[in-house]
file upload19.cif (mmCIF, C-alpha atoms)
data_upload
#
loop_
_atom_site.label_atom_id
_atom_site.label_comp_id
_atom_site.auth_asym_id
_atom_site.auth_seq_id
_atom_site.Cartn_x
_atom_site.Cartn_y
_atom_site.Cartn_z
CA MET Q 1 -20.87 -40.28 -26.45
CA SER Q 2 -22.14 -38.82 -29.71
CA PRO Q 3 -19.78 -39.04 -32.70
CA LEU Q 4 -17.89 -35.92 -33.74
CA PRO Q 5 -19.46 -34.04 -36.67
CA SER Q 6 -17.77 -35.16 -39.87
CA ASN Q 7 -16.76 -31.64 -40.91
CA LEU Q 8 -14.37 -31.10 -37.96
CA PRO Q 9 -10.58 -31.25 -38.27
CA SER Q 10 -8.52 -33.95 -36.56
CA THR Q 11 -6.16 -31.45 -34.90
CA TYR Q 12 -6.33 -27.95 -33.49
CA SER Q 13 -4.12 -25.07 -32.33
CA SER Q 14 -3.86 -23.03 -29.14
CA ILE Q 15 -1.88 -20.07 -27.82
CA VAL Q 16 -0.09 -20.71 -24.51
CA LEU Q 17 1.90 -18.47 -22.16
CA ARG Q 18 5.64 -18.92 -22.81
CA GLU Q 19 7.07 -16.41 -20.35
CA ARG Q 20 5.80 -13.62 -18.11
CA PRO Q 21 6.28 -10.16 -19.65
CA LYS Q 22 8.27 -7.61 -17.70
CA ALA Q 23 6.63 -4.70 -19.49
CA GLU Q 24 4.94 -4.82 -22.90
CA ILE Q 25 3.78 -8.09 -24.42
CA LEU Q 26 6.19 -9.41 -27.07
CA PRO Q 27 4.21 -10.45 -30.18
CA SER Q 28 6.22 -13.29 -31.75
CA LEU Q 29 4.59 -16.73 -31.54
CA THR Q 30 6.98 -19.08 -33.30
CA ASP Q 31 10.61 -18.18 -32.58
CA GLY Q 32 10.70 -18.78 -28.82
CA LYS Q 33 11.18 -15.07 -28.08
CA GLY Q 34 7.63 -13.86 -27.56
CA THR Q 35 5.38 -13.76 -24.53
CA PHE Q 36 3.23 -16.53 -26.02
CA SER Q 37 3.75 -19.63 -28.16
CA LEU Q 38 1.54 -21.20 -30.81
CA VAL Q 39 0.96 -24.91 -30.18
CA GLU Q 40 -0.23 -26.67 -33.33
CA ASN Q 41 -1.35 -30.15 -34.41
CA GLN Q 42 -2.92 -31.16 -31.10
CA PRO Q 43 -5.23 -34.16 -31.57
CA LEU Q 44 -8.88 -33.27 -31.20
CA PRO Q 45 -10.32 -35.01 -28.09
CA THR Q 46 -12.75 -37.83 -28.82
CA GLN Q 47 -13.46 -38.95 -25.24
CA LEU Q 48 -14.78 -36.75 -22.43
CA LYS Q 49 -15.60 -37.10 -18.76
CA PRO Q 50 -19.33 -37.21 -17.95
CA ASP Q 51 -19.32 -33.56 -16.81
CA GLN Q 52 -17.42 -32.19 -19.86
CA VAL Q 53 -18.26 -30.99 -23.35
CA LEU Q 54 -16.09 -30.13 -26.35
CA VAL Q 55 -16.62 -26.63 -27.73
CA LYS Q 56 -15.58 -25.22 -31.09
CA VAL Q 57 -14.51 -21.70 -30.17
CA GLU Q 58 -15.97 -19.06 -32.48
CA TRP Q 59 -15.14 -15.75 -30.77
CA VAL Q 60 -12.84 -14.79 -27.90
CA SER Q 61 -12.69 -11.70 -25.76
CA VAL Q 62 -9.65 -9.43 -25.52
CA ASP Q 63 -9.56 -7.31 -22.36
CA PRO Q 64 -7.04 -5.12 -20.51
CA ALA Q 65 -7.43 -7.34 -17.43
CA GLN Q 66 -5.71 -10.15 -19.32
CA ARG Q 67 -2.44 -8.29 -19.03
CA GLY Q 68 -2.71 -8.48 -15.25
CA TRP Q 69 -3.39 -12.22 -15.38
CA LEU Q 70 0.10 -12.73 -16.83
CA ASN Q 71 1.84 -11.41 -13.71
CA ASP Q 72 2.89 -13.85 -11.00
CA ALA Q 73 1.26 -11.74 -8.32
CA ARG Q 74 -1.57 -11.93 -5.82
CA SER Q 75 -4.83 -10.94 -7.46
CA TYR Q 76 -8.53 -11.75 -7.64
CA VAL Q 77 -7.79 -14.76 -9.89
CA PRO Q 78 -4.70 -17.00 -10.07
CA PRO Q 79 -2.18 -15.99 -12.73
CA VAL Q 80 -2.09 -17.88 -16.01
CA LYS Q 81 0.49 -20.64 -15.65
CA ILE Q 82 3.49 -21.00 -17.92
CA GLY Q 83 2.50 -23.43 -20.68
CA GLU Q 84 -1.21 -22.90 -20.03
CA ILE Q 85 -3.69 -21.82 -22.72
CA MET Q 86 -4.21 -18.07 -22.42
CA ARG Q 87 -7.32 -17.42 -20.36
CA ALA Q 88 -10.12 -15.57 -22.13
CA GLY Q 89 -13.86 -15.41 -22.28
CA GLY Q 90 -15.27 -17.05 -25.36
CA VAL Q 91 -18.39 -17.99 -27.25
CA GLY Q 92 -18.62 -21.20 -29.22
CA ARG Q 93 -20.69 -24.20 -30.22
CA VAL Q 94 -20.83 -27.61 -28.61
CA VAL Q 95 -19.45 -30.30 -30.95
CA LEU Q 96 -19.25 -33.25 -28.56
CA ALA Q 97 -21.31 -33.99 -25.44
CA PRO Q 98 -21.75 -37.16 -23.34
CA GLU Q 99 -25.13 -38.82 -23.01
CA GLY Q 100 -27.19 -37.02 -20.39
CA SER Q 101 -25.40 -33.69 -20.75
CA LYS Q 102 -27.49 -30.55 -20.39
CA PHE Q 103 -25.99 -29.44 -23.72
CA LYS Q 104 -26.45 -30.94 -27.16
CA VAL Q 105 -24.35 -30.67 -30.30
CA GLY Q 106 -24.91 -27.30 -31.94
CA ASP Q 107 -25.74 -25.36 -28.77
CA TRP Q 108 -24.17 -21.92 -28.46
CA VAL Q 109 -22.36 -21.51 -25.13
CA ASN Q 110 -20.46 -18.79 -23.30
CA GLY Q 111 -17.64 -19.30 -20.80
CA THR Q 112 -13.91 -19.12 -20.13
CA LEU Q 113 -12.74 -20.97 -23.22
CA GLY Q 114 -9.31 -19.42 -23.83
CA TRP Q 115 -7.25 -18.62 -26.90
CA THR Q 116 -7.79 -21.93 -28.64
CA GLU Q 117 -9.69 -23.38 -31.58
CA PHE Q 118 -11.35 -26.08 -29.45
CA ALA Q 119 -11.86 -26.23 -25.70
CA VAL Q 120 -12.82 -28.99 -23.27
CA ALA Q 121 -14.95 -27.38 -20.56
CA ARG Q 122 -17.05 -28.50 -17.62
CA ALA Q 123 -20.72 -28.18 -18.42
CA LYS Q 124 -21.35 -26.35 -15.14
CA ASP Q 125 -18.90 -23.62 -16.17
CA LEU Q 126 -20.78 -22.84 -19.39
CA GLU Q 127 -23.92 -20.86 -20.07
CA LYS Q 128 -26.22 -21.58 -22.99
CA VAL Q 129 -26.87 -18.40 -24.99
CA THR Q 130 -29.45 -17.45 -27.56
CA ILE Q 131 -28.42 -16.10 -30.96
CA THR Q 132 -30.96 -14.12 -33.00
CA LYS Q 133 -30.94 -11.73 -35.92
CA ASP Q 134 -30.43 -8.91 -33.40
CA ILE Q 135 -28.09 -10.67 -30.96
CA GLU Q 136 -24.78 -11.79 -32.48
CA PRO Q 137 -22.53 -14.32 -30.69
CA SER Q 138 -19.82 -11.75 -29.97
CA TYR Q 139 -22.29 -9.57 -28.04
CA TYR Q 140 -22.00 -12.04 -25.14
CA LEU Q 141 -18.36 -10.95 -24.79
CA GLY Q 142 -19.20 -7.25 -24.63
CA ALA Q 143 -22.60 -5.61 -24.52
CA LEU Q 144 -24.16 -8.71 -22.93
CA GLY Q 145 -20.99 -9.96 -21.23
CA MET Q 146 -18.42 -9.00 -18.61
CA PRO Q 147 -17.80 -5.45 -19.90
CA MET Q 148 -21.51 -4.67 -19.62
CA GLN Q 149 -21.73 -6.24 -16.16
CA THR Q 150 -18.67 -4.23 -15.10
CA ALA Q 151 -20.14 -0.96 -16.31
CA TYR Q 152 -23.56 -1.67 -14.85
CA TRP Q 153 -22.49 -2.65 -11.34
CA GLY Q 154 -19.68 -0.10 -11.16
CA LEU Q 155 -22.20 2.66 -11.76
CA MET Q 156 -25.30 1.26 -10.09
CA ASP Q 157 -23.83 -0.37 -6.97
CA VAL Q 158 -20.33 1.01 -6.37
CA ALA Q 159 -20.86 4.61 -7.50
CA ARG Q 160 -24.64 4.60 -6.85
CA ILE Q 161 -25.35 7.17 -9.54
CA LYS Q 162 -28.42 9.38 -9.21
CA LYS Q 163 -30.41 11.30 -11.80
CA GLY Q 164 -28.96 14.75 -12.41
CA GLU Q 165 -25.47 13.96 -11.13
CA ARG Q 166 -22.36 14.72 -13.14
CA VAL Q 167 -20.57 11.50 -14.08
CA VAL Q 168 -17.07 11.51 -15.61
CA ILE Q 169 -15.96 8.35 -17.42
CA SER Q 170 -12.41 7.70 -18.65
CA GLY Q 171 -11.56 5.16 -21.32
CA ALA Q 172 -14.99 6.16 -22.60
CA ALA Q 173 -14.61 4.69 -26.10
CA GLY Q 174 -13.60 1.26 -24.83
CA ALA Q 175 -15.69 -1.82 -24.13
CA VAL Q 176 -16.61 -0.89 -20.55
CA GLY Q 177 -16.48 2.87 -20.95
CA SER Q 178 -18.81 3.09 -23.94
CA ILE Q 179 -21.45 1.01 -22.13
CA ALA Q 180 -20.96 3.03 -18.93
CA CYS Q 181 -21.54 6.29 -20.81
CA GLN Q 182 -24.83 5.00 -22.19
CA ILE Q 183 -26.07 3.60 -18.88
CA ALA Q 184 -25.34 6.91 -17.14
CA LEU Q 185 -27.18 8.82 -19.87
CA LEU Q 186 -30.17 6.46 -19.67
CA LYS Q 187 -30.26 7.05 -15.91
CA GLY Q 188 -30.53 10.80 -16.44
CA CYS Q 189 -26.99 11.79 -15.52
CA GLU Q 190 -24.85 14.52 -17.05
CA VAL Q 191 -21.95 12.63 -18.66
CA ILE Q 192 -18.45 13.85 -19.45
CA ALA Q 193 -16.46 11.35 -21.50
CA ILE Q 194 -12.66 11.20 -21.68
CA ALA Q 195 -11.25 9.38 -24.72
CA GLY Q 196 -8.18 9.43 -26.95
CA GLY Q 197 -8.22 10.76 -30.49
CA LYS Q 198 -10.55 12.75 -32.72
CA GLU Q 199 -12.35 9.76 -34.24
CA LYS Q 200 -13.25 8.23 -30.88
CA CYS Q 201 -14.38 11.55 -29.47
CA GLU Q 202 -16.59 12.22 -32.49
CA TRP Q 203 -18.11 8.74 -32.22
CA LEU Q 204 -18.97 9.30 -28.57
CA ARG Q 205 -20.45 12.70 -29.33
CA ASN Q 206 -22.31 11.95 -32.57
CA GLU Q 207 -23.28 8.28 -32.25
CA ILE Q 208 -23.51 7.62 -28.53
CA GLY Q 209 -24.91 11.05 -27.74
CA VAL Q 210 -22.45 12.22 -25.07
CA PRO Q 211 -22.60 16.02 -25.30
CA SER Q 212 -19.31 16.67 -23.46
CA VAL Q 213 -16.21 14.80 -24.64
CA VAL Q 214 -12.57 15.62 -23.89
CA ASP Q 215 -9.59 14.25 -25.83
CA TYR Q 216 -6.80 13.26 -23.45
CA LYS Q 217 -4.32 13.24 -26.35
CA ASP Q 218 -4.78 16.97 -26.82
CA PRO Q 219 -1.69 18.81 -25.48
CA VAL Q 220 -3.98 21.10 -23.49
CA PHE Q 221 -6.22 18.31 -22.19
CA ALA Q 222 -5.99 19.32 -18.53
CA THR Q 223 -6.93 22.90 -19.37
CA ASN Q 224 -9.82 21.77 -21.55
CA TYR Q 225 -11.08 19.42 -18.86
CA LYS Q 226 -11.07 22.07 -16.15
CA LYS Q 227 -12.72 24.57 -18.49
CA LEU Q 228 -15.47 22.09 -19.29
CA LEU Q 229 -16.16 21.47 -15.62
CA GLY Q 230 -16.45 25.17 -14.89
CA LYS Q 231 -17.29 25.91 -11.27
CA THR Q 232 -19.15 22.63 -10.90
CA GLY Q 233 -17.07 19.62 -9.97
CA THR Q 234 -17.63 15.89 -10.34
CA ASP Q 235 -20.12 13.75 -8.42
CA VAL Q 236 -19.00 10.38 -9.79
CA TYR Q 237 -15.85 9.27 -11.55
CA PHE Q 238 -15.77 5.87 -13.27
CA ASP Q 239 -12.08 5.21 -13.77
CA ASN Q 240 -10.73 2.85 -16.43
CA VAL Q 241 -7.23 4.30 -16.85
CA GLY Q 242 -5.66 5.43 -13.56
CA GLY Q 243 -2.44 7.45 -13.67
CA GLU Q 244 -2.36 11.14 -14.47
CA ILE Q 245 -6.00 11.31 -15.51
CA LEU Q 246 -7.18 9.90 -12.18
CA ASP Q 247 -4.91 12.37 -10.40
CA LEU Q 248 -6.43 15.24 -12.41
CA VAL Q 249 -10.02 14.22 -11.77
CA LEU Q 250 -9.35 14.01 -8.02
CA THR Q 251 -8.63 17.74 -7.96
CA ARG Q 252 -12.22 18.63 -8.92
CA LEU Q 253 -14.46 16.37 -6.85
CA ASN Q 254 -17.71 17.58 -5.33
CA LYS Q 255 -18.64 16.95 -1.71
CA ASN Q 256 -19.52 13.27 -1.15
CA ALA Q 257 -18.24 12.29 -4.59
CA ARG Q 258 -17.70 8.62 -5.39
CA VAL Q 259 -14.82 7.21 -7.42
CA ALA Q 260 -15.27 3.70 -8.81
CA LEU Q 261 -11.91 2.12 -9.67
CA CYS Q 262 -12.58 -0.26 -12.54
CA GLY Q 263 -9.14 -0.48 -14.17
CA ALA Q 264 -5.83 1.25 -14.72
CA ILE Q 265 -4.81 0.50 -18.29
CA SER Q 266 -2.22 3.29 -18.25
CA ALA Q 267 -0.19 1.31 -15.68
CA TYR Q 268 -0.51 -2.33 -16.75
CA ASN Q 269 2.65 -2.34 -18.88
CA THR Q 270 4.64 -0.24 -16.39
CA PRO Q 271 6.85 -2.09 -13.87
CA ASN Q 272 6.71 0.86 -11.44
CA PRO Q 273 3.45 2.79 -11.85
CA ARG Q 274 3.30 6.30 -10.45
CA GLY Q 275 1.30 6.90 -7.29
CA LEU Q 276 -1.40 9.46 -6.65
CA SER Q 277 -0.53 12.95 -5.42
CA ASN Q 278 -4.00 14.53 -5.18
CA TYR Q 279 -5.63 12.02 -2.86
CA LEU Q 280 -6.06 14.57 -0.05
CA THR Q 281 -9.09 15.88 -1.94
CA LEU Q 282 -10.85 12.73 -0.78
CA ILE Q 283 -10.59 14.06 2.77
CA SER Q 284 -11.63 17.64 2.13
CA GLN Q 285 -14.62 16.59 -0.01
CA ARG Q 286 -15.61 13.60 2.18
CA ALA Q 287 -15.33 11.56 -1.00
CA LYS Q 288 -15.02 7.80 -1.39
CA ILE Q 289 -12.77 5.80 -3.69
CA GLU Q 290 -13.52 2.11 -4.12
CA GLY Q 291 -12.15 -0.66 -6.28
CA PHE Q 292 -14.38 -3.49 -7.40
CA ILE Q 293 -14.32 -6.81 -9.25
CA VAL Q 294 -17.26 -7.74 -11.44
CA PHE Q 295 -17.15 -11.41 -10.36
CA ASP Q 296 -18.47 -10.30 -6.96
CA TYR Q 297 -21.82 -9.66 -8.66
CA ALA Q 298 -22.13 -13.08 -10.31
CA ASP Q 299 -25.35 -13.91 -8.47
CA ARG Q 300 -26.93 -10.72 -9.86
CA TYR Q 301 -25.77 -10.95 -13.49
CA ASP Q 302 -29.29 -11.83 -14.65
CA GLU Q 303 -30.59 -8.55 -13.27
CA ALA Q 304 -28.20 -6.48 -15.36
CA SER Q 305 -28.64 -8.72 -18.43
CA ARG Q 306 -32.41 -8.28 -18.40
CA GLN Q 307 -32.21 -4.51 -18.13
CA VAL Q 308 -29.49 -4.05 -20.74
CA GLY Q 309 -31.13 -6.61 -23.03
CA GLU Q 310 -34.28 -4.48 -22.96
CA TRP Q 311 -32.31 -1.36 -23.84
CA ILE Q 312 -30.67 -3.15 -26.77
CA SER Q 313 -34.00 -4.47 -28.10
CA GLN Q 314 -35.49 -0.99 -27.77
CA GLY Q 315 -32.59 0.54 -29.71
CA LYS Q 316 -31.53 2.62 -26.72
CA LEU Q 317 -28.05 1.12 -26.38
CA LYS Q 318 -25.62 1.06 -29.28
CA ILE Q 319 -22.94 -1.58 -29.75
CA ARG Q 320 -19.57 -1.14 -31.36
CA GLU Q 321 -16.89 -3.78 -31.81
CA THR Q 322 -13.35 -3.84 -33.12
CA ARG Q 323 -12.92 -7.23 -34.75
CA ARG Q 324 -9.77 -9.17 -35.58
CA TYR Q 325 -9.70 -12.48 -37.44
CA GLY Q 326 -7.73 -15.67 -36.78
CA LEU Q 327 -6.33 -17.27 -33.62
CA THR Q 328 -2.87 -15.77 -34.04
CA GLU Q 329 -4.33 -12.25 -34.13
CA ALA Q 330 -5.30 -12.51 -30.45
CA VAL Q 331 -1.84 -11.42 -29.30
CA ASN Q 332 -1.76 -8.32 -31.51
CA ALA Q 333 -5.32 -7.53 -30.46
CA LEU Q 334 -4.28 -7.54 -26.80
CA ARG Q 335 -1.28 -5.35 -27.56
CA GLY Q 336 -3.57 -3.04 -29.50
CA LEU Q 337 -5.66 -2.27 -26.42
CA PHE Q 338 -2.67 -0.47 -24.92
CA GLU Q 339 -2.12 1.48 -28.14
CA GLY Q 340 -5.71 2.72 -28.41
CA ALA Q 341 -6.43 0.46 -31.39
CA ASN Q 342 -9.99 -0.37 -30.34
CA SER Q 343 -13.29 1.45 -30.33
CA GLY Q 344 -15.85 -0.38 -28.24
CA LYS Q 345 -15.23 -4.04 -27.52
CA MET Q 346 -12.18 -5.85 -28.95
CA VAL Q 347 -13.01 -9.39 -30.09
CA VAL Q 348 -11.25 -12.01 -32.19
CA LYS Q 349 -13.02 -14.38 -34.58
CA ILE Q 350 -11.27 -17.72 -34.05
CA ALA Q 351 -13.20 -20.09 -36.28
CA ALA Q 352 -13.91 -19.69 -39.96
CA ASP Q 353 -17.58 -19.92 -40.89
CA GLY Q 354 -18.39 -23.42 -42.08
CA PRO Q 355 -21.17 -26.00 -42.32
CA LYS Q 356 -23.82 -25.97 -39.60
CA LEU Q 357 -23.30 -28.46 -36.80
#
call {"tool": "encode", "arguments": {"input": "upload19.cif", "output": "structure tokens"}}
result
Amino acid sequence: MSPLPSNLPSTYSSIVLRERPKAEILPSLTDGKGTFSLVENQPLPTQLKPDQVLVKVEWVSVDPAQRGWLNDARSYVPPVKIGEIMRAGGVGRVVLAPEGSKFKVGDWVNGTLGWTEFAVARAKDLEKVTITKDIEPSYYLGALGMPMQTAYWGLMDVARIKKGERVVISGAAGAVGSIACQIALLKGCEVIAIAGGKEKCEWLRNEIGVPSVVDYKDPVFATNYKKLLGKTGTDVYFDNVGGEILDLVLTRLNKNARVALCGAISAYNTPNPRGLSNYLTLISQRAKIEGFIVFDYADRYDEASRQVGEWISQGKLKIRETRRYGLTEAVNALRGLFEGANSGKMVVKIAADGPKL
């Protein structure tokens, strides 16, 4: 076992689940009334099992799916347990590794590290990543991480987009939506983006290059959306929000349209989400609606990473992040997703910049 670098602290802090939220996440961390609790002054591990490494967490991901992981309900992953460190993707650097480990001190790694300053992880659950002047660590949580994989496979495999098709994308200014818009454009599709607020809509139009953007916060959104479609309907709908917007889009599907259900952020904080009323269009238009989980494509992640990595290096895909700083900001960052506080990927910088390892 290599010695710990001398510049590391002797203790660390983590955020753990205190109670399951019934609706919105409660932000307090220290008075025993919030959804989470801050656990401080934990001794930094000095001994590891042969298959483990100790990682100093630098950046963590904040995603709408994390809200679902707090519910004690059947899902594609087990719920976060009470008292358990909040699950989250993270990027960090190895600070302690046993002899013979495939990692060495200083390696950048990506994996499920959680909302914590330091994480003990199995080496087999981590991926070594390369950081360059063009590729920042946080990119592996967004443009080169799960949001990118979700956008890529949702469009390419679930929706099976084709050149010339009209693709509508909701939550278009978010982590998944903004990547999905760009992939669809690069594949020669006509893209209509749905986002909330003037600033986000202008960013999608002026920076990302989506010619048709509709603001769902506009009081006449439904009218504007139908006017934009004209007599031509929708071939593909990539849905990140569910609810009323999904119901609206279902009314204007083309024959053999495909709907890829990625998420439903409009319903995650609602104990009794509303159901769909316009689903009969799926019958009349012989359309398909399909939910998917990105983890099902794990054995093909490299395929998407290579393609998107090329687009990034060629300057064809633009990256935008909303950054928060400090471990305790993770809770407010997650709450902010449901208030439209992010453009692009929401990430939290956990560790302060310090001496090289």
call {"tool": "closest_residue", "arguments": {"input": "upload19.cif", "among": "Q:Trp59, Q:Val109, Q:Arg67, Q:Val348", "to": "Glu24 (chain Q)", "atoms": "only C-alpha atoms"}}
result
Q:Arg67
call {"tool": "closest_residue", "arguments": {"input": "upload19.cif", "among": "Q:Val60, Q:Ala119, Q:Leu144, Q:Ile161", "to": "Tyr12 (chain Q)", "atoms": "all atoms listed in the file"}}
result
Q:Ala119
call {"tool": "closest_residue", "arguments": {"input": "upload19.cif", "among": "Q:Lys318, Q:Arg335, Q:Arg166, Q:Arg122", "to": "Ser101 (chain Q)", "atoms": "only C-alpha atoms"}}
result
Q:Arg122
call {"tool": "resolve_selection", "arguments": {"input": "upload19.cif", "expression": "the PyMOL selection byres ((chain Q and resi 88) around 7)", "output": "PDB file with C-alpha atoms, keeping the file's coordinate frame"}}
result
ATOM      1  CA  VAL Q  60     -12.840 -14.790 -27.900  1.00  0.00           C
ATOM      2  CA  SER Q  61     -12.690 -11.700 -25.760  1.00  0.00           C
ATOM      3  CA  MET Q  86      -4.210 -18.070 -22.420  1.00  0.00           C
ATOM      4  CA  ARG Q  87      -7.320 -17.420 -20.360  1.00  0.00           C
ATOM      5  CA  GLY Q  89     -13.860 -15.410 -22.280  1.00  0.00           C
ATOM      6  CA  GLY Q  90     -15.270 -17.050 -25.360  1.00  0.00           C
ATOM      7  CA  THR Q 112     -13.910 -19.120 -20.130  1.00  0.00           C
ATOM      8  CA  LEU Q 113     -12.740 -20.970 -23.220  1.00  0.00           C
ATOM      9  CA  GLY Q 114      -9.310 -19.420 -23.830  1.00  0.00           C
ATOM     10  CA  TRP Q 115      -7.250 -18.620 -26.900  1.00  0.00           C
TER      11      TRP Q 115
END
call {"tool": "resolve_selection", "arguments": {"input": "upload19.cif", "expression": "the PyMOL selection byres ((chain Q and resi 214) around 9)", "output": "PyMOL selection string"}}
result
chain Q and resi 192-196+201+212-213+215-218+221+224-225+228
call {"tool": "resolve_selection", "arguments": {"input": "upload19.cif", "expression": "the PyMOL selection byres ((chain Q and resi 279-291) around 7)", "output": "number ranges by chain"}}
result
Q: 250-251, 253-262, 276-278, 292
call {"tool": "write_last_selection", "arguments": {"input": "upload19.cif", "atoms": "C-alpha atoms", "output": "short mmCIF file (atom, residue, chain, number, x, y, z; two decimals), keeping the file's coordinate frame"}}
result
data_model
loop_
_atom_site.label_atom_id
_atom_site.label_comp_id
_atom_site.auth_asym_id
_atom_site.auth_seq_id
_atom_site.Cartn_x
_atom_site.Cartn_y
_atom_site.Cartn_z
CA LEU Q 250 -9.35 14.01 -8.02
CA THR Q 251 -8.63 17.74 -7.96
CA LEU Q 253 -14.46 16.37 -6.85
CA ASN Q 254 -17.71 17.58 -5.33
CA LYS Q 255 -18.64 16.95 -1.71
CA ASN Q 256 -19.52 13.27 -1.15
CA ALA Q 257 -18.24 12.29 -4.59
CA ARG Q 258 -17.70 8.62 -5.39
CA VAL Q 259 -14.82 7.21 -7.42
CA ALA Q 260 -15.27 3.70 -8.81
CA LEU Q 261 -11.91 2.12 -9.67
CA CYS Q 262 -12.58 -0.26 -12.54
CA LEU Q 276 -1.40 9.46 -6.65
CA SER Q 277 -0.53 12.95 -5.42
CA ASN Q 278 -4.00 14.53 -5.18
CA PHE Q 292 -14.38 -3.49 -7.40
#
call {"tool": "closest_residue", "arguments": {"input": "upload19.cif", "among": "Q:Gly197, Q:Pro5, Q:Pro219, Q:Gly344", "to": "Val95 (chain Q)", "atoms": "only C-alpha atoms"}}
result
Q:Pro5
call {"tool": "atom_distance", "arguments": {"input": "upload19.cif", "atom1": "CA of Ala351 (chain Q)", "atom2": "CA of Gln47 (chain Q)"}}
result
21.9 Å
call {"tool": "atom_distance", "arguments": {"input": "upload19.cif", "atom1": "CA of Gly174 (chain Q)", "atom2": "CA of Ala222 (chain Q)"}}
result
20.6 Å
call {"tool": "closest_residue", "arguments": {"input": "upload19.cif", "among": "Q:Ser138, Q:Thr150, Q:Asn240, Q:Ser170", "to": "Ala298 (chain Q)", "atoms": "all atoms listed in the file"}}
result
Q:Thr150
call {"tool": "residues_around", "arguments": {"input": "upload19.cif", "residues": "Ser266 (chain Q)", "least_positions_apart": "6", "cutoff": "8 Å", "atoms": "only C-alpha atoms", "output": "list in words"}}
result
Val241, Gly242, Gly243 and Phe338 of chain Q
call {"tool": "atom_distance", "arguments": {"input": "upload19.cif", "atom1": "CA of Gly100 (chain Q)", "atom2": "CA of Leu126 (chain Q)"}}
result
15.6 Å
